[in-house]
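Below is one structure, written out as structure tokens; the observations come after it.
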Amino acid sequence: MSRIPELLHRTLFRTVSLLGPRAQGKVLHRYFDWWHRRPDPWSLATDSYERRKYRATLDQLPEGTYARILEVGCAEGVFTQMLATAWPDAGITGLDVSERALGRARERAVGDGARVRFVHADLLGYEERDRYDLVFCAETLYYIGRGDRLRRASERLRSLLAPGGVLVLVHPWPEAERLHGFIEGSRAVTKLAERVERDASRPYAVSVYRAGPSRPQLTGVVS
């Protein structure tokens with residue numbers, strides 16, 4: 001029963017995705033600015049479940065140097081700050097549709113200098129020629145919708161990866177199977193790892209992919 005509001009929330013935005021891309025974008029921008037009328041509306045900075053999920057996400061990453069990092073759907077920059085701490089030499093970009101949320105993210109990032117920046121845009125409208133060594137997309141794809149729009153969003157995520165770059169997707173389980181489907185079916189990436197937390201209050205999956213044809217051994221943790 002506790003998950004009913006969350007499921008209704010996601011169902012609402014799947015319905016919104018029936019609108020044209022421009023209309024959908026306007027609805028998302030306005031909704032999330034309204035949602036962030038008060039600070040940290042999802043309690044991302046204080047909720048123990050969110051902190052455990054952040055740690056589980058970082059634990060799945062392959063070791064390596066990540067010079068350029070992108071977080072899609074960064075909200076108020078709680079996880080962005082963790083990334084800045086974990087990779088103090090990396091250039092980090094946070095992307096979100098809410099300018100109000102990004103204002104708080106910029107305040108949170110004071111002291112990190114020019115290496116942490118925030119961009120007001122949605123995933124499909126984000127124009128960036130450079131590529132990233134590490135891309136995160138968490139709790140975001142269900143706002144995109146389904147079908148062709150989800151396929152386009154998945155292609156956009158792949159296109160943002162530098163050669164050998166790592167893509168990390170984090171979404172509710174078992175819905176993640178659908179949301180990650182276009183990435184799973186792509187020959188342009190290789191799956192490195194997946195962690196499914198079934199016993200959490202809100203089950204989720206952390207799926208990790210690398211751009212390119214390499215075939216490392218798949219690892220996975222299910223709890």
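Letters for chains follow the order of the structure tokens (A, B, ...), residue numbers begin at 1 for each chain, and ligand numbers begin at 1 in the order shown.
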Strand (DSSP E) call set, DSSP backbone run, segment 34-107 of chain A, as a PDB file with C-alpha atoms, in the first residue's frame:
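Output file part28.pdb is given in full below:
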ATOM      1  CA  ARG A  68      34.158  14.169 -17.231  1.00  0.00           C
ATOM      2  CA  ILE A  69      30.985  13.149 -15.386  1.00  0.00           C
ATOM      3  CA  LEU A  70      27.326  13.881 -16.188  1.00  0.00           C
ATOM      4  CA  GLU A  71      24.358  13.433 -13.847  1.00  0.00           C
ATOM      5  CA  VAL A  72      20.995  13.487 -15.643  1.00  0.00           C
ATOM      6  CA  GLY A  91      34.677  18.095 -14.349  1.00  0.00           C
ATOM      7  CA  ILE A  92      31.065  17.421 -13.350  1.00  0.00           C
ATOM      8  CA  THR A  93      27.825  18.524 -15.031  1.00  0.00           C
ATOM      9  CA  GLY A  94      24.387  18.280 -13.428  1.00  0.00           C
ATOM     10  CA  LEU A  95      21.364  18.410 -15.730  1.00  0.00           C
ATOM     11  CA  ASP A  96      17.785  19.105 -14.614  1.00  0.00           C
TER      12      ASP A  96
END
Per residue of segment 135-220 of chain A within 10 Å of segment 56-66 of chain A, record the nearest atom pair and its distance in Å to one decimal, counting only C-alpha atoms, with rows in chain order and ascending residue number, as JSON lines.
{"residue": "A:Val135", "atom": "CA", "partner": "A:Tyr66", "partner_atom": "CA", "distance": 9.9}
{"residue": "A:Phe136", "atom": "CA", "partner": "A:Thr57", "partner_atom": "CA", "distance": 9.4}
{"residue": "A:Ala138", "atom": "CA", "partner": "A:Thr57", "partner_atom": "CA", "distance": 9.5}
{"residue": "A:Gly165", "atom": "CA", "partner": "A:Tyr66", "partner_atom": "CA", "distance": 8.5}
{"residue": "A:Val166", "atom": "CA", "partner": "A:Leu61", "partner_atom": "CA", "distance": 8.3}
{"residue": "A:Leu167", "atom": "CA", "partner": "A:Leu61", "partner_atom": "CA", "distance": 9.4}
{"residue": "A:Val168", "atom": "CA", "partner": "A:Thr57", "partner_atom": "CA", "distance": 8.0}
{"residue": "A:Leu169", "atom": "CA", "partner": "A:Thr57", "partner_atom": "CA", "distance": 8.9}
{"residue": "A:Val170", "atom": "CA", "partner": "A:Thr57", "partner_atom": "CA", "distance": 7.6}
{"residue": "A:Leu192", "atom": "CA", "partner": "A:Pro62", "partner_atom": "CA", "distance": 8.3}
{"residue": "A:Ala193", "atom": "CA", "partner": "A:Gln60", "partner_atom": "CA", "distance": 6.8}
{"residue": "A:Glu194", "atom": "CA", "partner": "A:Gln60", "partner_atom": "CA", "distance": 7.6}
{"residue": "A:Arg195", "atom": "CA", "partner": "A:Gln60", "partner_atom": "CA", "distance": 7.5}
{"residue": "A:Val196", "atom": "CA", "partner": "A:Ala56", "partner_atom": "CA", "distance": 9.8}
{"residue": "A:Glu197", "atom": "CA", "partner": "A:Ala56", "partner_atom": "CA", "distance": 9.2}
{"residue": "A:Ala205", "atom": "CA", "partner": "A:Thr57", "partner_atom": "CA", "distance": 9.1}
{"residue": "A:Val206", "atom": "CA", "partner": "A:Thr57", "partner_atom": "CA", "distance": 6.1}
{"residue": "A:Ser207", "atom": "CA", "partner": "A:Gln60", "partner_atom": "CA", "distance": 8.2}
{"residue": "A:Val208", "atom": "CA", "partner": "A:Gln60", "partner_atom": "CA", "distance": 7.2}
{"residue": "A:Tyr209", "atom": "CA", "partner": "A:Leu61", "partner_atom": "CA", "distance": 9.5}
{"residue": "A:Arg210", "atom": "CA", "partner": "A:Pro62", "partner_atom": "CA", "distance": 9.7}
{"residue": "A:Thr219", "atom": "CA", "partner": "A:Gln60", "partner_atom": "CA", "distance": 9.2}
{"residue": "A:Gly220", "atom": "CA", "partner": "A:Gln60", "partner_atom": "CA", "distance": 8.8}
Please, which residues in segment 140-208 of chain A fall within 10 Å of segment 42-52 of chain A when counting only C-alpha atoms, and what is the closest atom pair and distance in Å to one decimal for each, ordered by chain then residue number, as a tab-separated table?
residue	atom	partner	partner_atom	distance
A:Ala200	CA	A:Tyr49	CA	7.9
A:Ser201	CA	A:Tyr49	CA	7.9
A:Arg202	CA	A:Tyr49	CA	8.5
Restricting it to N, CA and C atoms, dump the selection as a PDB file, in the first residue's frame.
ATOM      1  N   ALA A 200      14.593  -3.837  -0.329  1.00  0.00           N
ATOM      2  CA  ALA A 200      14.464  -2.447   0.099  1.00  0.00           C
ATOM      3  C   ALA A 200      12.989  -2.068   0.188  1.00  0.00           C
ATOM      4  N   SER A 201      12.693  -0.995   0.927  1.00  0.00           N
ATOM      5  CA  SER A 201      11.303  -0.544   1.030  1.00  0.00           C
ATOM      6  C   SER A 201      10.741  -0.183  -0.331  1.00  0.00           C
ATOM      7  N   ARG A 202      11.616   0.286  -1.213  1.00  0.00           N
ATOM      8  CA  ARG A 202      11.267   0.535  -2.608  1.00  0.00           C
ATOM      9  C   ARG A 202      12.328  -0.160  -3.457  1.00  0.00           C
TER      10      ARG A 202
END
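Our summary of the geometry notes that atom CA of Gln24 of chain A is positioned 24.4 Å from atom CA of Arg129 of chain A.
Those residues of segment 113-216 of chain A that DSSP, working from the backbone, places in alpha helix (DSSP H) are Leu141, Tyr142, Tyr143, Ile144, Gly147, Asp148, Arg149, Leu150, Arg151, Arg152, Ala153, Ser154, Glu155, Arg156, Leu157, Arg158, Ser159, Glu175, Ala176, Glu177, Arg178, Leu179, Gly181, Phe182, Ile183 and Glu184 of chain A.
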Please write the residues from the selection above to a file, keeping C-alpha atoms, as a PDB file, in the first residue's frame.
ATOM      1  CA  LEU A 141      13.419   7.616 -17.384  1.00  0.00           C
ATOM      2  CA  TYR A 142       9.861   6.960 -16.213  1.00  0.00           C
ATOM      3  CA  TYR A 143       9.211  10.686 -16.685  1.00  0.00           C
ATOM      4  CA  ILE A 144      10.226  10.339 -20.341  1.00  0.00           C
ATOM      5  CA  GLY A 147       7.845   3.629 -26.808  1.00  0.00           C
ATOM      6  CA  ASP A 148       9.641   5.892 -29.230  1.00  0.00           C
ATOM      7  CA  ARG A 149      10.343   8.597 -26.675  1.00  0.00           C
ATOM      8  CA  LEU A 150      12.036   6.170 -24.297  1.00  0.00           C
ATOM      9  CA  ARG A 151      14.030   4.783 -27.216  1.00  0.00           C
ATOM     10  CA  ARG A 152      15.191   8.287 -28.160  1.00  0.00           C
ATOM     11  CA  ALA A 153      16.178   9.037 -24.570  1.00  0.00           C
ATOM     12  CA  SER A 154      18.167   5.794 -24.410  1.00  0.00           C
ATOM     13  CA  GLU A 155      19.936   6.645 -27.660  1.00  0.00           C
ATOM     14  CA  ARG A 156      20.726  10.087 -26.291  1.00  0.00           C
ATOM     15  CA  LEU A 157      22.296   8.587 -23.177  1.00  0.00           C
ATOM     16  CA  ARG A 158      24.470   6.310 -25.321  1.00  0.00           C
ATOM     17  CA  SER A 159      25.492   9.200 -27.554  1.00  0.00           C
ATOM     18  CA  GLU A 175      10.051  -1.450 -13.798  1.00  0.00           C
ATOM     19  CA  ALA A 176      13.768  -1.063 -14.508  1.00  0.00           C
ATOM     20  CA  GLU A 177      13.557  -4.039 -16.864  1.00  0.00           C
ATOM     21  CA  ARG A 178      11.321  -1.988 -19.171  1.00  0.00           C
ATOM     22  CA  LEU A 179      13.067   1.339 -18.643  1.00  0.00           C
ATOM     23  CA  GLY A 181      15.303  -2.246 -22.237  1.00  0.00           C
ATOM     24  CA  PHE A 182      16.586  -0.120 -25.112  1.00  0.00           C
ATOM     25  CA  ILE A 183      20.025   0.082 -23.517  1.00  0.00           C
ATOM     26  CA  GLU A 184      19.994  -3.683 -22.902  1.00  0.00           C
TER      27      GLU A 184
END
Contact residues around Asp40 of chain A with only C-alpha atoms at 12 Å, ignoring same-chain residues under 3 positions, as a PDB file with N, CA and C atoms, in the first residue's frame:
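Wrote it out as result38.pdb, contents follow:
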ATOM      1  N   PHE A  32       8.112  20.446 -12.119  1.00  0.00           N
ATOM      2  CA  PHE A  32       9.235  20.291 -11.202  1.00  0.00           C
ATOM      3  C   PHE A  32       9.658  21.608 -10.562  1.00  0.00           C
ATOM      4  N   ASP A  33       9.430  22.714 -11.214  1.00  0.00           N
ATOM      5  CA  ASP A  33       9.641  23.980 -10.524  1.00  0.00           C
ATOM      6  C   ASP A  33       8.629  24.127  -9.386  1.00  0.00           C
ATOM      7  N   TRP A  35       7.192  21.572  -7.822  1.00  0.00           N
ATOM      8  CA  TRP A  35       7.530  20.563  -6.829  1.00  0.00           C
ATOM      9  C   TRP A  35       8.656  21.036  -5.914  1.00  0.00           C
ATOM     10  N   HIS A  36       9.572  21.810  -6.463  1.00  0.00           N
ATOM     11  CA  HIS A  36      10.698  22.310  -5.680  1.00  0.00           C
ATOM     12  C   HIS A  36      10.398  23.674  -5.052  1.00  0.00           C
ATOM     13  N   ARG A  37       9.133  23.951  -4.832  1.00  0.00           N
ATOM     14  CA  ARG A  37       8.767  25.202  -4.144  1.00  0.00           C
ATOM     15  C   ARG A  37       9.284  25.214  -2.709  1.00  0.00           C
ATOM     16  N   SER A  43      13.504  14.570   0.150  1.00  0.00           N
ATOM     17  CA  SER A  43      14.376  14.256   1.293  1.00  0.00           C
ATOM     18  C   SER A  43      15.633  13.505   0.856  1.00  0.00           C
ATOM     19  N   LEU A  44      16.177  13.875  -0.303  1.00  0.00           N
ATOM     20  CA  LEU A  44      17.350  13.186  -0.829  1.00  0.00           C
ATOM     21  C   LEU A  44      18.572  13.379   0.063  1.00  0.00           C
ATOM     22  N   ALA A  45      18.625  14.498   0.769  1.00  0.00           N
ATOM     23  CA  ALA A  45      19.789  14.786   1.603  1.00  0.00           C
ATOM     24  C   ALA A  45      19.715  14.124   2.970  1.00  0.00           C
ATOM     25  N   THR A  46      18.540  13.649   3.373  1.00  0.00           N
ATOM     26  CA  THR A  46      18.372  13.164   4.739  1.00  0.00           C
ATOM     27  C   THR A  46      17.831  11.744   4.852  1.00  0.00           C
ATOM     28  N   ASP A  47      17.194  11.227   3.817  1.00  0.00           N
ATOM     29  CA  ASP A  47      16.543   9.922   3.891  1.00  0.00           C
ATOM     30  C   ASP A  47      17.572   8.791   3.853  1.00  0.00           C
ATOM     31  N   CYS A  74      19.652  15.804 -11.865  1.00  0.00           N
ATOM     32  CA  CYS A  74      20.441  16.004 -10.642  1.00  0.00           C
ATOM     33  C   CYS A  74      19.653  16.638  -9.501  1.00  0.00           C
ATOM     34  N   ALA A  75      18.463  17.197  -9.789  1.00  0.00           N
ATOM     35  CA  ALA A  75      17.644  17.862  -8.761  1.00  0.00           C
ATOM     36  C   ALA A  75      18.481  18.920  -8.030  1.00  0.00           C
ATOM     37  N   GLU A  76      18.544  18.854  -6.706  1.00  0.00           N
ATOM     38  CA  GLU A  76      19.232  19.901  -5.938  1.00  0.00           C
ATOM     39  C   GLU A  76      20.693  19.581  -5.667  1.00  0.00           C
ATOM     40  N   GLY A  77      21.229  18.581  -6.372  1.00  0.00           N
ATOM     41  CA  GLY A  77      22.665  18.351  -6.358  1.00  0.00           C
ATOM     42  C   GLY A  77      23.205  17.551  -5.189  1.00  0.00           C
ATOM     43  N   VAL A  78      22.356  16.757  -4.521  1.00  0.00           N
ATOM     44  CA  VAL A  78      22.839  15.964  -3.390  1.00  0.00           C
ATOM     45  C   VAL A  78      23.846  14.905  -3.861  1.00  0.00           C
ATOM     46  N   ARG A 100      14.609  26.085 -10.374  1.00  0.00           N
ATOM     47  CA  ARG A 100      14.565  26.305  -8.928  1.00  0.00           C
ATOM     48  C   ARG A 100      15.448  25.283  -8.204  1.00  0.00           C
ATOM     49  N   ALA A 101      15.369  24.018  -8.624  1.00  0.00           N
ATOM     50  CA  ALA A 101      16.220  22.987  -8.032  1.00  0.00           C
ATOM     51  C   ALA A 101      17.694  23.272  -8.321  1.00  0.00           C
ATOM     52  N   LEU A 102      17.988  23.708  -9.531  1.00  0.00           N
ATOM     53  CA  LEU A 102      19.379  23.981  -9.894  1.00  0.00           C
ATOM     54  C   LEU A 102      19.950  25.148  -9.099  1.00  0.00           C
ATOM     55  N   GLY A 103      19.103  26.115  -8.746  1.00  0.00           N
ATOM     56  CA  GLY A 103      19.569  27.216  -7.908  1.00  0.00           C
ATOM     57  C   GLY A 103      20.094  26.708  -6.573  1.00  0.00           C
ATOM     58  N   ARG A 104      19.387  25.759  -5.992  1.00  0.00           N
ATOM     59  CA  ARG A 104      19.843  25.180  -4.716  1.00  0.00           C
ATOM     60  C   ARG A 104      21.060  24.298  -4.934  1.00  0.00           C
ATOM     61  N   ALA A 105      21.118  23.620  -6.089  1.00  0.00           N
ATOM     62  CA  ALA A 105      22.286  22.789  -6.391  1.00  0.00           C
ATOM     63  C   ALA A 105      23.541  23.651  -6.485  1.00  0.00           C
ATOM     64  N   ARG A 108      24.712  24.530  -3.093  1.00  0.00           N
ATOM     65  CA  ARG A 108      25.335  23.380  -2.450  1.00  0.00           C
ATOM     66  C   ARG A 108      26.760  23.166  -2.960  1.00  0.00           C
TER      67      ARG A 108
END
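The space separating atom CA of Tyr126 of chain A from atom CA of Ala86 of chain A comes to 25.2 Å.
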Could you list, as a PyMOL selection string, every residue within 10 Å of Gly164 of chain A, counting only C-alpha atoms and ignoring same-chain residues fewer than 3 positions away? chain A and resi 132-134+161+167+189-190+209-214
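Computed from the coordinates, the atom CA of Val116 of chain A to atom CA of Ala188 of chain A distance equals 28.4 Å.
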Give the answer as one residue: which of A:Gly73, A:Gly111, A:Pro203, A:Pro41 has the shortest atom-to-atom distance to Thr85 of chain A, using only C-alpha atoms? A:Gly111
